[in-house]
Structures are given as C-alpha cells and as structure tokens.
>>> print(open('input.tsv').read())   # TSV, C-alpha atoms (C1' of nucleotides)
chain	number	residue	atom	x	y	z
A	1	MET	CA	139.61	-1.60	-42.92
A	2	PRO	CA	139.20	-5.37	-42.49
A	3	LYS	CA	142.36	-7.41	-41.93
A	4	HIS	CA	143.53	-9.92	-44.52
A	5	GLY	CA	141.94	-13.21	-43.50
A	6	SER	CA	139.12	-11.70	-41.43
A	7	GLU	CA	135.48	-12.62	-41.97
A	8	THR	CA	134.68	-9.45	-43.85
A	9	TRP	CA	137.66	-9.82	-46.15
A	10	CYS	CA	136.74	-9.79	-49.81
A	11	GLY	CA	138.70	-11.15	-52.76
A	12	CYS	CA	139.50	-7.68	-54.09
A	13	PRO	CA	143.00	-7.61	-55.57
A	14	ILE	CA	143.56	-3.90	-54.93
A	15	ARG	CA	142.62	-4.40	-51.33
A	16	TYR	CA	145.25	-7.09	-50.94
A	17	GLY	CA	147.72	-4.93	-52.82
A	18	ALA	CA	146.91	-2.12	-50.40
A	19	THR	CA	147.85	-4.22	-47.36
A	20	VAL	CA	151.37	-4.61	-48.78
A	21	LEU	CA	151.95	-1.58	-51.03
A	22	GLY	CA	149.61	0.88	-49.36
A	23	ASP	CA	152.37	2.04	-47.06
A	24	ALA	CA	155.03	4.52	-48.05
A	25	TRP	CA	157.85	2.90	-46.07
A	26	ALA	CA	157.13	-0.56	-47.47
A	27	LEU	CA	157.37	0.85	-50.99
A	28	LEU	CA	160.75	2.43	-50.22
A	29	ILE	CA	162.04	-0.79	-48.68
A	30	LEU	CA	161.01	-2.66	-51.83
A	31	ARG	CA	162.71	0.01	-53.93
A	32	ASP	CA	165.95	-0.51	-52.03
A	33	LEU	CA	165.71	-4.29	-52.43
A	34	VAL	CA	165.02	-4.12	-56.16
A	35	PHE	CA	167.02	-1.14	-57.37
A	36	LYS	CA	169.74	-0.61	-54.79
A	37	GLY	CA	170.70	-4.13	-53.83
A	38	ALA	CA	169.94	-3.57	-50.16
A	39	ARG	CA	170.31	-6.76	-48.15
A	40	HIS	CA	170.94	-5.73	-44.53
A	41	PHE	CA	169.00	-3.79	-41.92
A	42	GLY	CA	171.60	-1.07	-41.99
A	43	ASP	CA	171.31	-0.65	-45.76
A	44	PHE	CA	167.68	0.42	-45.38
A	45	VAL	CA	168.47	2.75	-42.52
A	46	ALA	CA	171.17	4.42	-44.63
A	47	ALA	CA	169.23	4.54	-47.90
A	48	ASP	CA	165.83	5.78	-46.81
A	49	GLU	CA	167.29	8.86	-45.19
A	50	GLY	CA	164.92	8.95	-42.31
A	51	ILE	CA	163.19	5.67	-41.50
A	52	SER	CA	163.10	4.90	-37.78
A	53	THR	CA	164.47	1.53	-36.82
A	54	ASN	CA	161.28	0.51	-35.04
A	55	ILE	CA	159.23	1.20	-38.18
A	56	LEU	CA	161.78	-0.55	-40.38
A	57	SER	CA	161.67	-3.55	-38.08
A	58	ASP	CA	157.90	-3.59	-38.19
A	59	ARG	CA	157.71	-3.35	-42.01
A	60	LEU	CA	160.34	-6.01	-42.59
A	61	ARG	CA	158.33	-8.27	-40.30
A	62	MET	CA	155.20	-7.54	-42.37
A	63	LEU	CA	157.01	-8.25	-45.65
A	64	ASP	CA	158.31	-11.49	-44.16
A	65	ARG	CA	154.84	-12.48	-42.93
A	66	GLU	CA	153.42	-11.82	-46.40
A	67	GLY	CA	156.10	-13.97	-48.00
A	68	ILE	CA	157.75	-11.10	-49.87
A	69	VAL	CA	161.15	-11.26	-48.17
A	70	THR	CA	163.09	-13.90	-46.27
A	71	ARG	CA	165.44	-13.37	-43.34
A	72	GLU	CA	168.58	-15.49	-43.08
A	73	ALA	CA	171.59	-15.40	-40.83
A	74	ASP	CA	174.72	-14.30	-42.68
A	75	PRO	CA	177.01	-17.36	-42.82
A	76	ASP	CA	180.10	-15.17	-42.48
A	77	ARG	CA	178.97	-12.92	-39.68
A	78	ALA	CA	176.23	-14.40	-37.49
A	79	VAL	CA	175.31	-10.98	-36.13
A	80	ARG	CA	174.14	-9.95	-39.59
A	81	VAL	CA	170.79	-10.76	-41.13
A	82	ILE	CA	170.30	-11.06	-44.88
A	83	TYR	CA	167.00	-9.95	-46.32
A	84	ARG	CA	166.12	-11.32	-49.74
A	85	LEU	CA	163.19	-11.01	-52.09
A	86	THR	CA	161.19	-14.19	-52.61
A	87	PRO	CA	159.70	-15.00	-56.04
A	88	LYS	CA	156.51	-13.30	-54.81
A	89	GLY	CA	158.61	-10.26	-53.93
A	90	ARG	CA	160.41	-10.21	-57.27
A	91	ALA	CA	157.01	-10.44	-58.96
A	92	LEU	CA	156.40	-6.89	-57.70
A	93	VAL	CA	158.99	-5.59	-60.19
A	94	PRO	CA	156.36	-4.81	-62.86
A	95	VAL	CA	154.37	-2.83	-60.30
A	96	LEU	CA	157.42	-0.83	-59.22
A	97	LEU	CA	158.42	-0.16	-62.82
A	98	ALA	CA	154.90	1.00	-63.67
A	99	ILE	CA	155.15	3.45	-60.75
A	100	VAL	CA	158.58	4.63	-61.95
A	101	ASN	CA	157.18	5.21	-65.42
A	102	TRP	CA	154.16	7.07	-64.09
A	103	SER	CA	156.20	9.36	-61.85
A	104	GLU	CA	158.69	10.06	-64.60
A	105	THR	CA	155.85	11.02	-66.93
A	106	TRP	CA	153.73	13.13	-64.59
A	107	ASP	CA	155.90	14.56	-61.83
A	108	VAL	CA	158.24	17.32	-62.91
A	109	ARG	CA	160.52	16.80	-59.92
A	110	THR	CA	161.09	13.14	-60.69
A	111	GLU	CA	164.22	12.27	-62.62
A	112	VAL	CA	164.94	8.84	-64.07
A	113	PRO	CA	167.96	8.14	-66.29
A	114	GLY	CA	166.91	8.42	-69.94
A	115	PRO	CA	168.23	5.07	-71.16
A	116	PHE	CA	166.50	3.27	-68.29
A	117	ILE	CA	163.06	4.69	-68.94
A	118	GLU	CA	163.43	4.42	-72.71
A	119	ALA	CA	164.32	0.74	-72.47
A	120	TYR	CA	161.33	0.17	-70.20
A	121	ARG	CA	158.94	1.99	-72.53
A	122	ALA	CA	160.22	0.15	-75.58
A	123	ASP	CA	159.32	-3.20	-74.01
A	124	PRO	CA	157.84	-3.09	-70.51
A	125	GLU	CA	157.34	-6.83	-70.17
A	126	GLY	CA	160.75	-7.74	-71.50
A	127	PHE	CA	162.41	-5.12	-69.33
A	128	SER	CA	160.61	-6.41	-66.22
A	129	GLU	CA	161.59	-9.96	-66.99
A	130	SER	CA	165.27	-9.16	-67.43
A	131	LEU	CA	165.32	-7.18	-64.19
A	132	ILE	CA	163.73	-10.12	-62.39
A	133	ALA	CA	166.28	-12.46	-63.98
A	134	GLU	CA	169.08	-10.17	-62.81
A	135	LEU	CA	167.74	-10.23	-59.26
A	136	GLU	CA	167.54	-14.02	-59.32
A	137	ALA	CA	171.09	-14.26	-60.63
A	138	GLY	CA	172.32	-11.83	-57.97
A	139	ASP	CA	170.74	-13.97	-55.25
A	140	ALA	CA	172.18	-17.21	-56.56
A	141	ALA	CA	175.65	-15.63	-56.65
A	142	ASP	CA	175.65	-14.89	-52.90
B	1	MET	CA	159.98	11.34	-44.73
B	2	PRO	CA	160.58	14.59	-46.60
B	3	LYS	CA	157.56	16.27	-48.17
B	4	HIS	CA	157.27	16.59	-51.92
B	5	GLY	CA	158.78	19.95	-52.78
B	6	SER	CA	160.92	20.26	-49.64
B	7	GLU	CA	164.64	20.99	-49.77
B	8	THR	CA	165.62	17.40	-49.06
B	9	TRP	CA	163.31	16.02	-51.72
B	10	CYS	CA	165.09	13.85	-54.25
B	11	GLY	CA	163.98	12.94	-57.76
B	12	CYS	CA	163.25	9.33	-56.83
B	13	PRO	CA	160.20	8.07	-58.74
B	14	ILE	CA	159.22	5.50	-56.11
B	15	ARG	CA	159.34	8.17	-53.47
B	16	TYR	CA	156.91	10.31	-55.45
B	17	GLY	CA	154.79	7.25	-56.11
B	18	ALA	CA	154.75	6.60	-52.39
B	19	THR	CA	153.31	10.02	-51.60
B	20	VAL	CA	150.27	9.18	-53.73
B	21	LEU	CA	149.99	5.39	-53.72
B	22	GLY	CA	151.67	4.64	-50.40
B	23	ASP	CA	148.36	4.93	-48.61
B	24	ALA	CA	145.82	2.16	-48.44
B	25	TRP	CA	142.75	4.41	-48.60
B	26	ALA	CA	144.06	6.33	-51.60
B	27	LEU	CA	144.53	3.05	-53.46
B	28	LEU	CA	140.96	2.00	-52.69
B	29	ILE	CA	139.60	5.37	-53.81
B	30	LEU	CA	141.49	4.99	-57.09
B	31	ARG	CA	140.13	1.47	-57.45
B	32	ASP	CA	136.56	2.78	-57.07
B	33	LEU	CA	137.20	5.53	-59.63
B	34	VAL	CA	138.74	3.16	-62.19
B	35	PHE	CA	136.85	-0.09	-61.75
B	36	LYS	CA	133.56	0.85	-60.10
B	37	GLY	CA	132.70	4.13	-61.77
B	38	ALA	CA	132.51	5.99	-58.46
B	39	ARG	CA	131.93	9.69	-58.99
B	40	HIS	CA	130.40	11.04	-55.77
B	41	PHE	CA	131.51	11.29	-52.15
B	42	GLY	CA	128.79	8.87	-51.14
B	43	ASP	CA	129.94	6.26	-53.67
B	44	PHE	CA	133.27	5.98	-51.88
B	45	VAL	CA	131.65	5.81	-48.47
B	46	ALA	CA	129.42	2.97	-49.66
B	47	ALA	CA	132.06	1.07	-51.62
B	48	ASP	CA	134.99	1.06	-49.25
B	49	GLU	CA	132.95	-0.50	-46.49
B	50	GLY	CA	134.54	1.41	-43.69
B	51	ILE	CA	136.31	4.62	-44.68
B	52	SER	CA	135.59	7.50	-42.31
B	53	THR	CA	134.28	10.62	-43.99
B	54	ASN	CA	137.06	12.78	-42.54
B	55	ILE	CA	139.72	10.47	-43.99
B	56	LEU	CA	137.90	10.29	-47.31
B	57	SER	CA	137.69	14.06	-47.39
B	58	ASP	CA	141.40	14.33	-46.63
B	59	ARG	CA	142.45	11.82	-49.32
B	60	LEU	CA	140.24	13.33	-52.00
B	61	ARG	CA	141.84	16.68	-51.18
B	62	MET	CA	145.28	15.10	-51.57
B	63	LEU	CA	144.37	13.50	-54.91
B	64	ASP	CA	143.01	16.85	-56.07
B	65	ARG	CA	146.16	18.67	-54.93
B	66	GLU	CA	148.30	16.15	-56.82
B	67	GLY	CA	146.26	16.64	-59.97
B	68	ILE	CA	144.87	13.12	-60.01
B	69	VAL	CA	141.20	13.99	-59.61
B	70	THR	CA	139.07	17.06	-60.27
B	71	ARG	CA	136.07	18.24	-58.27
B	72	GLU	CA	133.14	19.80	-60.10
B	73	ALA	CA	129.67	20.85	-59.05
B	74	ASP	CA	126.99	18.59	-60.52
B	75	PRO	CA	125.05	20.72	-63.03
B	76	ASP	CA	121.79	18.92	-62.17
B	77	ARG	CA	122.06	18.94	-58.40
B	78	ALA	CA	124.29	21.66	-57.02
B	79	VAL	CA	124.56	19.88	-53.68
B	80	ARG	CA	126.46	17.09	-55.38
B	81	VAL	CA	130.14	17.09	-56.26
B	82	ILE	CA	131.53	15.08	-59.16
B	83	TYR	CA	134.97	13.60	-58.79
B	84	ARG	CA	136.73	12.67	-62.01
B	85	LEU	CA	140.12	11.24	-62.90
B	86	THR	CA	142.42	13.58	-64.79
B	87	PRO	CA	144.72	12.24	-67.53
B	88	LYS	CA	147.39	11.92	-64.81
B	89	GLY	CA	144.92	9.90	-62.78
B	90	ARG	CA	143.96	7.67	-65.68
B	91	ALA	CA	147.66	7.10	-66.30
B	92	LEU	CA	147.67	5.12	-63.05
B	93	VAL	CA	145.64	2.37	-64.73
B	94	PRO	CA	148.74	0.33	-65.68
B	95	VAL	CA	149.91	0.50	-62.05
B	96	LEU	CA	146.53	-0.67	-60.74
B	97	LEU	CA	146.36	-3.48	-63.28
B	98	ALA	CA	149.87	-4.62	-62.38
B	99	ILE	CA	148.75	-4.78	-58.74
B	100	VAL	CA	145.61	-6.72	-59.73
B	101	ASN	CA	147.73	-9.20	-61.67
B	102	TRP	CA	150.20	-9.59	-58.82
B	103	SER	CA	147.51	-10.18	-56.21
B	104	GLU	CA	145.68	-12.62	-58.44
B	105	THR	CA	148.90	-14.56	-58.95
B	106	TRP	CA	150.23	-14.62	-55.40
B	107	ASP	CA	147.35	-14.23	-52.95
B	108	VAL	CA	145.11	-17.26	-52.63
B	109	ARG	CA	142.25	-15.23	-51.22
B	110	THR	CA	142.18	-12.86	-54.18
B	111	GLU	CA	139.68	-13.61	-56.90
B	112	VAL	CA	139.60	-11.84	-60.26
B	113	PRO	CA	137.25	-12.91	-63.08
B	114	GLY	CA	139.09	-15.27	-65.40
B	115	PRO	CA	138.40	-13.50	-68.68
B	116	PHE	CA	139.54	-10.18	-67.21
B	117	ILE	CA	142.92	-11.41	-66.02
B	118	GLU	CA	143.47	-13.52	-69.13
B	119	ALA	CA	142.85	-10.57	-71.41
B	120	TYR	CA	145.25	-8.49	-69.33
B	121	ARG	CA	147.97	-11.14	-69.41
B	122	ALA	CA	147.60	-11.68	-73.15
B	123	ASP	CA	148.37	-8.00	-73.80
B	124	PRO	CA	148.96	-5.82	-70.73
B	125	GLU	CA	149.69	-2.63	-72.65
B	126	GLY	CA	146.76	-3.01	-75.02
B	127	PHE	CA	144.43	-3.87	-72.15
B	128	SER	CA	145.54	-0.82	-70.17
B	129	GLU	CA	145.07	1.43	-73.17
B	130	SER	CA	141.55	0.23	-73.86
B	131	LEU	CA	140.58	0.65	-70.21
B	132	ILE	CA	141.94	4.19	-70.27
B	133	ALA	CA	140.02	4.85	-73.49
B	134	GLU	CA	136.85	3.53	-71.86
B	135	LEU	CA	137.33	5.86	-68.90
B	136	GLU	CA	137.84	8.82	-71.24
B	137	ALA	CA	134.72	7.91	-73.19
B	138	GLY	CA	132.72	7.53	-69.99
B	139	ASP	CA	133.78	10.99	-68.85
B	140	ALA	CA	132.95	12.62	-72.17
B	141	ALA	CA	129.49	11.02	-72.07
B	142	ASP	CA	128.53	12.67	-68.75
C	1	DT	C1'	189.26	-12.33	-19.76
C	2	DT	C1'	187.62	-8.10	-20.50
C	3	DC	C1'	187.09	-4.25	-23.73
C	4	DT	C1'	185.38	-2.43	-27.80
C	5	DC	C1'	183.07	-2.49	-32.02
C	6	DT	C1'	179.42	-3.57	-35.20
C	7	DA	C1'	174.79	-4.91	-36.40
C	8	DA	C1'	170.13	-5.58	-35.45
C	9	DC	C1'	166.99	-4.69	-33.12
C	10	DT	C1'	163.62	-3.08	-28.64
C	11	DT	C1'	161.81	0.34	-25.44
C	12	DG	C1'	159.75	4.65	-23.71
C	13	DC	C1'	157.44	8.56	-24.57
C	14	DA	C1'	155.71	12.82	-26.94
C	15	DA	C1'	153.48	14.12	-31.16
C	16	DA	C1'	150.77	13.18	-35.08
C	17	DT	C1'	147.21	10.51	-37.35
C	18	DT	C1'	143.16	7.71	-37.36
C	19	DG	C1'	138.50	6.14	-36.50
C	20	DC	C1'	134.06	6.93	-34.69
C	21	DA	C1'	129.98	9.49	-33.86
C	22	DA	C1'	127.67	13.57	-33.95
C	23	DC	C1'	126.95	17.90	-35.94
C	24	DT	C1'	126.73	21.50	-39.81
C	25	DT	C1'	125.72	23.48	-44.23
C	26	DA	C1'	123.41	23.91	-48.43
C	27	DA	C1'	120.15	22.76	-51.97
C	28	DG	C1'	116.28	21.08	-53.37
C	29	DT	C1'	111.03	18.56	-52.33
C	30	DG	C1'	106.31	17.83	-50.73
D	1	DC	C1'	108.29	25.51	-43.77
D	2	DA	C1'	109.51	21.00	-42.27
D	3	DC	C1'	111.99	17.02	-44.56
D	4	DT	C1'	115.50	14.81	-47.17
D	5	DT	C1'	119.82	14.15	-49.43
D	6	DA	C1'	124.72	15.05	-50.11
D	7	DA	C1'	129.03	16.54	-48.65
D	8	DG	C1'	131.44	17.54	-45.74
D	9	DT	C1'	133.50	19.36	-40.55
D	10	DT	C1'	134.29	18.86	-35.58
D	11	DG	C1'	135.59	16.77	-31.14
D	12	DC	C1'	137.75	13.33	-28.86
D	13	DA	C1'	139.62	8.70	-27.60
D	14	DA	C1'	142.68	5.30	-29.35
D	15	DT	C1'	146.20	3.89	-32.31
D	16	DT	C1'	150.44	4.69	-34.81
D	17	DT	C1'	154.55	7.20	-35.68
D	18	DG	C1'	159.06	9.31	-34.99
D	19	DC	C1'	162.92	10.16	-32.14
D	20	DA	C1'	166.44	9.04	-28.87
D	21	DA	C1'	168.31	5.93	-25.93
D	22	DG	C1'	169.07	1.36	-24.44
D	23	DT	C1'	169.72	-3.82	-25.23
D	24	DT	C1'	171.64	-8.11	-27.04
D	25	DA	C1'	174.86	-10.85	-29.24
D	26	DG	C1'	178.90	-12.12	-31.88
D	27	DA	C1'	183.82	-11.22	-33.24
D	28	DG	C1'	188.42	-9.26	-32.74
D	29	DA	C1'	191.94	-6.77	-29.98
D	30	DA	C1'	194.50	-5.79	-25.60
>>> encode(input="input.tsv", output="structure tokens")
Amino acid sequence: MPKHGSETWCGCPIRYGATVLGDAWALLILRDLVFKGARHFGDFVAADEGISTNILSDRLRMLDREGIVTREADPDRAVRVIYRLTPKGRALVPVLLAIVNWSETWDVRTEVPGPFIEAYRADPEGFSESLIAELEAGDAAD
Amino acid sequence: MPKHGSETWCGCPIRYGATVLGDAWALLILRDLVFKGARHFGDFVAADEGISTNILSDRLRMLDREGIVTREADPDRAVRVIYRLTPKGRALVPVLLAIVNWSETWDVRTEVPGPFIEAYRADPEGFSESLIAELEAGDAAD
DNA sequence: TTCTCTAACTTGCAAATTGCAACTTAAGTG
DNA sequence: CACTTAAGTTGCAATTTGCAAGTTAGAGAA
C-alpha cells in the first residue's frame, strides 16, 4: 500500500481514512480519548487491557504526526505528558458514533446504554455536535 | 487484543468495530464494494493497486465470517465467485461516508467530487439511505 | 544527598503477520 | 487437447507485533 504523500498516492478519502483508522489500536486509543477522557499514557495502558507500551507509543506518534492529537508537558508534573484531541481529532466523533451505532445494531455481543444510542439515533448530527462541544469545553477547563 | 467471542471480550462497540474496520485492507475492500461496484476477486486485485491475493483471500474470508459479504457461484461462469454486501455490510455505508467527509475536510491531498460531498453534507442521513437503496437495487438487478 | 516512587517511554527478542512470486485447481474455448 | 481465465493456495523472506525487562527523568522523603 502506498504511503501518504508518495508518488502513487491517490486522492481517495477512504485510503486516507485507512491510514489513520485502519488500525485496531488507533481506533481504541481514539475511543479512550473521546469516550473515556483519557489524557495520559498510563490511561491508555490501563483502559485498553492489553496494548503494549511500544505499540501505544508508536500509535500516539502516528496520531500526533497526522495532527489528530497533541502532546504537552503537564504544567503540574513535568514527568507527565498530556495528550489532547485537536479539532481534526474531534472531527472523528461522527465516524466513531457511526461505528458505535453499527455495532449496536448488528453485533449481538455489543451493548450500548439505551439512552445514549436512542439520543444518537434521534438526531445523529446534533448528538455529534454536542459531544464535540463537550470535548472542547473539557479541554478548555484544564 | 481479545478475540470476538472470547471470555475477556467486552460489549464495547468500538472494539467490535475495530475487529472489522480496524484493518486498512478491509476498509479498501468495503470501499470497492460500495463505491466501485466490485463483485469479483479480480476486481479487488485490480482496484486496490497492490493487495496480495493471499491477504485479499484472508480478508474476504473474515468479511464473510462476520456476515458482511456473501460468496456465491456465478450462474453464468461457474469459475467465478460473486461477492455481495449483506444488509449488515450495506449498513456500513454511513460509516464509510463519515470517513469520506472527514478526509475531504481535513486532508489536503484528498479529493472528492464537489457535488457528491455537498449532497452528503446537506443531508447525511438521506444521502446514506439513498446510497444503500441504490446498492440494494443493484443487487436485485443481477 | 541519596533513596524511592511514578510516569513515560525504549530495547531486545521470539512469534505472528505480511508481501511477493510462483504454483494449483477448475471451468470453459478454439 | 492445448489454451485461457478466474480464484485462489503455498513457500519463504522481511516486516511488525507482543511481551518482559530496562531506561530516563522529575519530585518527595529520609
């Protein structure tokens, strides 16, 4: 598969999407950022129940390179790093919610809280926008 | 990462999504099924510009196992196999379109025809539904 | 000052997965 | 009966992953 930016790269949107989302660990990292408020390296290690730290390191680097997350030093404890979603990263919320809705509909093992999925289905765009607004507000509060 | 159906599996919708969509080749195969009308093994080989036939074979098997595509013998030429999206597979259309919209918005190299993306943005749900209806009609016509 | 703790990684290595090329099978076609 | 097309499979080298252990760096305690 050609690399993004190579000569044989084409303008296909799914192909670009695949370079970011076409990786199971990256999807779970994004999940933790959006739905679980993960901000630190250790949060992802704890939440994913099984990601190796070298893989996590690699994927966070990729998400940073693609402009989806930023890395900052924690002003309180310099040893900590804060990962945050950029606007480009928050713009993935509709994609993640569409996946949530699909899994909830078609996979019997998947369980999503009723009120959550009902609110999404009633107004997908509005629901996405409020979740994005919440994430923005959460970031500004830090 | 636990396997779908294992003891440690949880009901997380993104995790299930990741087993299907968290693979770059699977995403490209789905793209070819939805947007390029690919139906035969050779269509995917030609369209993806680089997928190995062993990987393609493996991913089509996975999509079949997950109930996203079906495999049928071609009634005209028995040597051919027809791959088709199931309703579960067609239900991924909103996910793919959300990815298309995201890439078009945030990746400068991505190029989507103006009318297509404008129609999607004007009414994402309606656009998804008509694309799904088109796919259903196309299948019935074969 | 040194000791210990926490957090975020990096390193080394075995195991699994991928990519490439060649080969196989099966059904028509001339 | 050779030839062609379509859909794979096989073998193997190279890359990537997963696991465990080690490293670095800051902050507080002894």
>>> closest_residue(input="input.tsv", among="A:Asn54, A:Thr19, A:Asp74, A:Gly37", to="DT16 in chain D", atoms="all atoms listed in the file")
A:Asn54
>>> interface_residues(input="input.tsv", of="chain C", to="chain B", cutoff="8 Å", atoms="only C-alpha atoms (C1' of nucleotides)", output="JSON, numbers by chain")
{"C": [18, 19, 20, 26, 27, 28]}
>>> interface_residues(input="input.tsv", of="chain D", to="chain A", cutoff="12 Å", atoms="all atoms listed in the file", output="PDB file with C-alpha atoms (C1' of nucleotides), in the coordinates of the input")
ATOM      1  C1'  DT D  16     150.440   4.690 -34.810  1.00  0.00           C
ATOM      2  C1'  DT D  17     154.550   7.200 -35.680  1.00  0.00           C
ATOM      3  C1'  DG D  18     159.060   9.310 -34.990  1.00  0.00           C
ATOM      4  C1'  DC D  19     162.920  10.160 -32.140  1.00  0.00           C
ATOM      5  C1'  DA D  20     166.440   9.040 -28.870  1.00  0.00           C
ATOM      6  C1'  DT D  24     171.640  -8.110 -27.040  1.00  0.00           C
ATOM      7  C1'  DA D  25     174.860 -10.850 -29.240  1.00  0.00           C
ATOM      8  C1'  DG D  26     178.900 -12.120 -31.880  1.00  0.00           C
ATOM      9  C1'  DA D  27     183.820 -11.220 -33.240  1.00  0.00           C
TER      10       DA D  27
END
>>> interface_residues(input="input.tsv", of="chain B", to="chain A", cutoff="9 Å", atoms="all atoms listed in the file", output="PyMOL selection string")
chain B and resi 1-2+4-5+9-28+31+48-51+88+91-92+94-112+124-125
>>> closest_residue(input="input.tsv", among="B:Thr70, B:Thr86, B:Ser130, B:Ser57", to="DG8 in chain D", atoms="only C-alpha atoms (C1' of nucleotides)")
B:Ser57
>>> atom_distance(input="input.tsv", atom1="CA of Phe35 in chain A", atom2="CA of Ala133 in chain A")
13.1 Å
>>> atom_distance(input="input.tsv", atom1="CA of Ala141 in chain A", atom2="CA of Ala119 in chain A")
25.4 Å
>>> residues_around(input="input.tsv", residues="DA29 in chain D", least_positions_apart="3", cutoff="12 Å", atoms="all atoms listed in the file", output="mmCIF file with C-alpha atoms (C1' of nucleotides), keeping the file's coordinate frame")
data_model
loop_
_atom_site.group_PDB
_atom_site.id
_atom_site.type_symbol
_atom_site.label_atom_id
_atom_site.label_comp_id
_atom_site.auth_asym_id
_atom_site.auth_seq_id
_atom_site.Cartn_x
_atom_site.Cartn_y
_atom_site.Cartn_z
ATOM 1 C "C1'" DT C 1 189.260 -12.330 -19.760
ATOM 2 C "C1'" DT C 2 187.620 -8.100 -20.500
ATOM 3 C "C1'" DC C 3 187.090 -4.250 -23.730
ATOM 4 C "C1'" DT C 4 185.380 -2.430 -27.800
ATOM 5 C "C1'" DC C 5 183.070 -2.490 -32.020
#
>>> decode(input="input.tsv", residues="range 6-22 of chain D", atoms="N, CA and C atoms (P, O5', C5', C4', C3', O3' and C1' of nucleotides)", output="tab-separated table (two decimals), in the first residue's frame")
chain	number	residue	atom	x	y	z
D	6	DA	P	-11.33	-13.27	-16.36
D	6	DA	O5'	-11.47	-14.03	-14.99
D	6	DA	C5'	-12.57	-14.91	-14.80
D	6	DA	C4'	-12.37	-15.68	-13.51
D	6	DA	C3'	-11.92	-14.80	-12.34
D	6	DA	O3'	-12.92	-14.88	-11.34
D	6	DA	C1'	-10.61	-16.79	-12.50
D	7	DA	P	-12.81	-14.12	-9.95
D	7	DA	O5'	-12.21	-15.26	-9.02
D	7	DA	C5'	-12.94	-16.48	-8.87
D	7	DA	C4'	-12.14	-17.42	-8.01
D	7	DA	C3'	-11.62	-16.81	-6.69
D	7	DA	O3'	-11.81	-17.73	-5.64
D	7	DA	C1'	-9.85	-17.75	-7.87
D	8	DG	P	-12.03	-17.18	-4.13
D	8	DG	O5'	-10.59	-16.56	-3.79
D	8	DG	C5'	-9.75	-17.24	-2.88
D	8	DG	C4'	-9.08	-18.45	-3.51
D	8	DG	C3'	-7.92	-18.98	-2.69
D	8	DG	O3'	-8.40	-19.95	-1.79
D	8	DG	C1'	-7.44	-18.99	-5.05
D	9	DT	P	-7.60	-20.21	-0.45
D	9	DT	O5'	-6.30	-20.99	-0.93
D	9	DT	C5'	-6.42	-22.31	-1.48
D	9	DT	C4'	-5.02	-22.84	-1.74
D	9	DT	C3'	-4.13	-22.88	-0.48
D	9	DT	O3'	-3.50	-24.16	-0.47
D	9	DT	C1'	-3.06	-21.64	-2.19
D	10	DT	P	-2.62	-24.60	0.77
D	10	DT	O5'	-1.12	-24.30	0.29
D	10	DT	C5'	-0.66	-24.79	-0.96
D	10	DT	C4'	0.79	-24.37	-1.16
D	10	DT	C3'	1.65	-24.37	0.11
D	10	DT	O3'	2.86	-25.05	-0.18
D	10	DT	C1'	1.81	-22.29	-0.99
D	11	DG	P	3.83	-25.52	1.03
D	11	DG	O5'	5.08	-24.56	0.78
D	11	DG	C5'	5.58	-24.37	-0.56
D	11	DG	C4'	6.71	-23.35	-0.53
D	11	DG	C3'	7.53	-23.32	0.76
D	11	DG	O3'	8.89	-23.15	0.40
D	11	DG	C1'	6.58	-21.20	0.39
D	12	DC	P	10.05	-23.23	1.50
D	12	DC	O5'	10.48	-21.71	1.64
D	12	DC	C5'	10.80	-20.94	0.47
D	12	DC	C4'	10.91	-19.48	0.85
D	12	DC	C3'	11.62	-19.22	2.18
D	12	DC	O3'	12.52	-18.14	2.02
D	12	DC	C1'	9.58	-18.11	2.15
D	13	DA	P	13.77	-17.97	3.05
D	13	DA	O5'	14.19	-16.45	2.82
D	13	DA	C5'	14.01	-15.84	1.53
D	13	DA	C4'	13.51	-14.40	1.73
D	13	DA	C3'	14.27	-13.63	2.81
D	13	DA	O3'	14.54	-12.32	2.31
D	13	DA	C1'	11.94	-13.68	3.32
D	14	DA	P	15.18	-11.17	3.27
D	14	DA	O5'	13.90	-10.34	3.75
D	14	DA	C5'	13.08	-9.70	2.79
D	14	DA	C4'	12.04	-8.89	3.55
D	14	DA	C3'	12.62	-8.00	4.64
D	14	DA	O3'	11.91	-6.78	4.63
D	14	DA	C1'	11.01	-9.42	5.57
D	15	DT	P	12.43	-5.50	5.49
D	15	DT	O5'	11.11	-5.03	6.26
D	15	DT	C5'	9.84	-5.11	5.60
D	15	DT	C4'	8.76	-5.38	6.61
D	15	DT	C3'	8.76	-4.41	7.81
D	15	DT	O3'	7.52	-3.72	7.75
D	15	DT	C1'	8.36	-6.66	8.48
D	16	DT	P	7.14	-2.54	8.81
D	16	DT	O5'	6.31	-3.34	9.90
D	16	DT	C5'	5.20	-4.14	9.49
D	16	DT	C4'	4.60	-4.81	10.71
D	16	DT	C3'	4.48	-3.91	11.94
D	16	DT	O3'	3.11	-3.97	12.33
D	16	DT	C1'	5.51	-5.97	12.52
D	17	DT	P	2.57	-3.33	13.68
D	17	DT	O5'	2.65	-4.58	14.66
D	17	DT	C5'	1.78	-5.69	14.45
D	17	DT	C4'	1.98	-6.73	15.53
D	17	DT	C3'	1.64	-6.26	16.94
D	17	DT	O3'	0.63	-7.13	17.42
D	17	DT	C1'	3.78	-7.35	16.88
D	18	DG	P	-0.19	-6.79	18.75
D	18	DG	O5'	0.62	-7.57	19.86
D	18	DG	C5'	0.71	-8.99	19.78
D	18	DG	C4'	1.62	-9.51	20.87
D	18	DG	C3'	1.35	-8.95	22.26
D	18	DG	O3'	1.34	-10.06	23.14
D	18	DG	C1'	3.63	-8.66	21.72
D	19	DC	P	0.77	-9.96	24.60
D	19	DC	O5'	2.08	-10.11	25.51
D	19	DC	C5'	2.89	-11.28	25.38
D	19	DC	C4'	4.26	-11.03	25.98
D	19	DC	C3'	4.25	-10.38	27.36
D	19	DC	O3'	4.74	-11.32	28.30
D	19	DC	C1'	5.93	-9.46	25.95
D	20	DA	P	4.70	-11.03	29.88
D	20	DA	O5'	6.23	-10.75	30.22
D	20	DA	C5'	7.27	-11.50	29.59
D	20	DA	C4'	8.59	-10.80	29.82
D	20	DA	C3'	8.73	-10.17	31.21
D	20	DA	O3'	9.98	-10.55	31.77
D	20	DA	C1'	9.18	-8.56	29.54
D	21	DA	P	10.44	-10.09	33.24
D	21	DA	O5'	11.67	-9.12	32.93
D	21	DA	C5'	12.59	-9.46	31.88
D	21	DA	C4'	13.39	-8.21	31.52
D	21	DA	C3'	13.83	-7.40	32.73
D	21	DA	O3'	15.21	-7.12	32.65
D	21	DA	C1'	12.75	-6.01	31.15
D	22	DG	P	16.03	-6.31	33.77
D	22	DG	O5'	16.35	-4.96	32.99
D	22	DG	C5'	16.90	-5.03	31.66
D	22	DG	C4'	16.93	-3.64	31.07
D	22	DG	C3'	17.52	-2.59	32.00
D	22	DG	O3'	18.45	-1.78	31.27
D	22	DG	C1'	15.37	-1.91	31.27
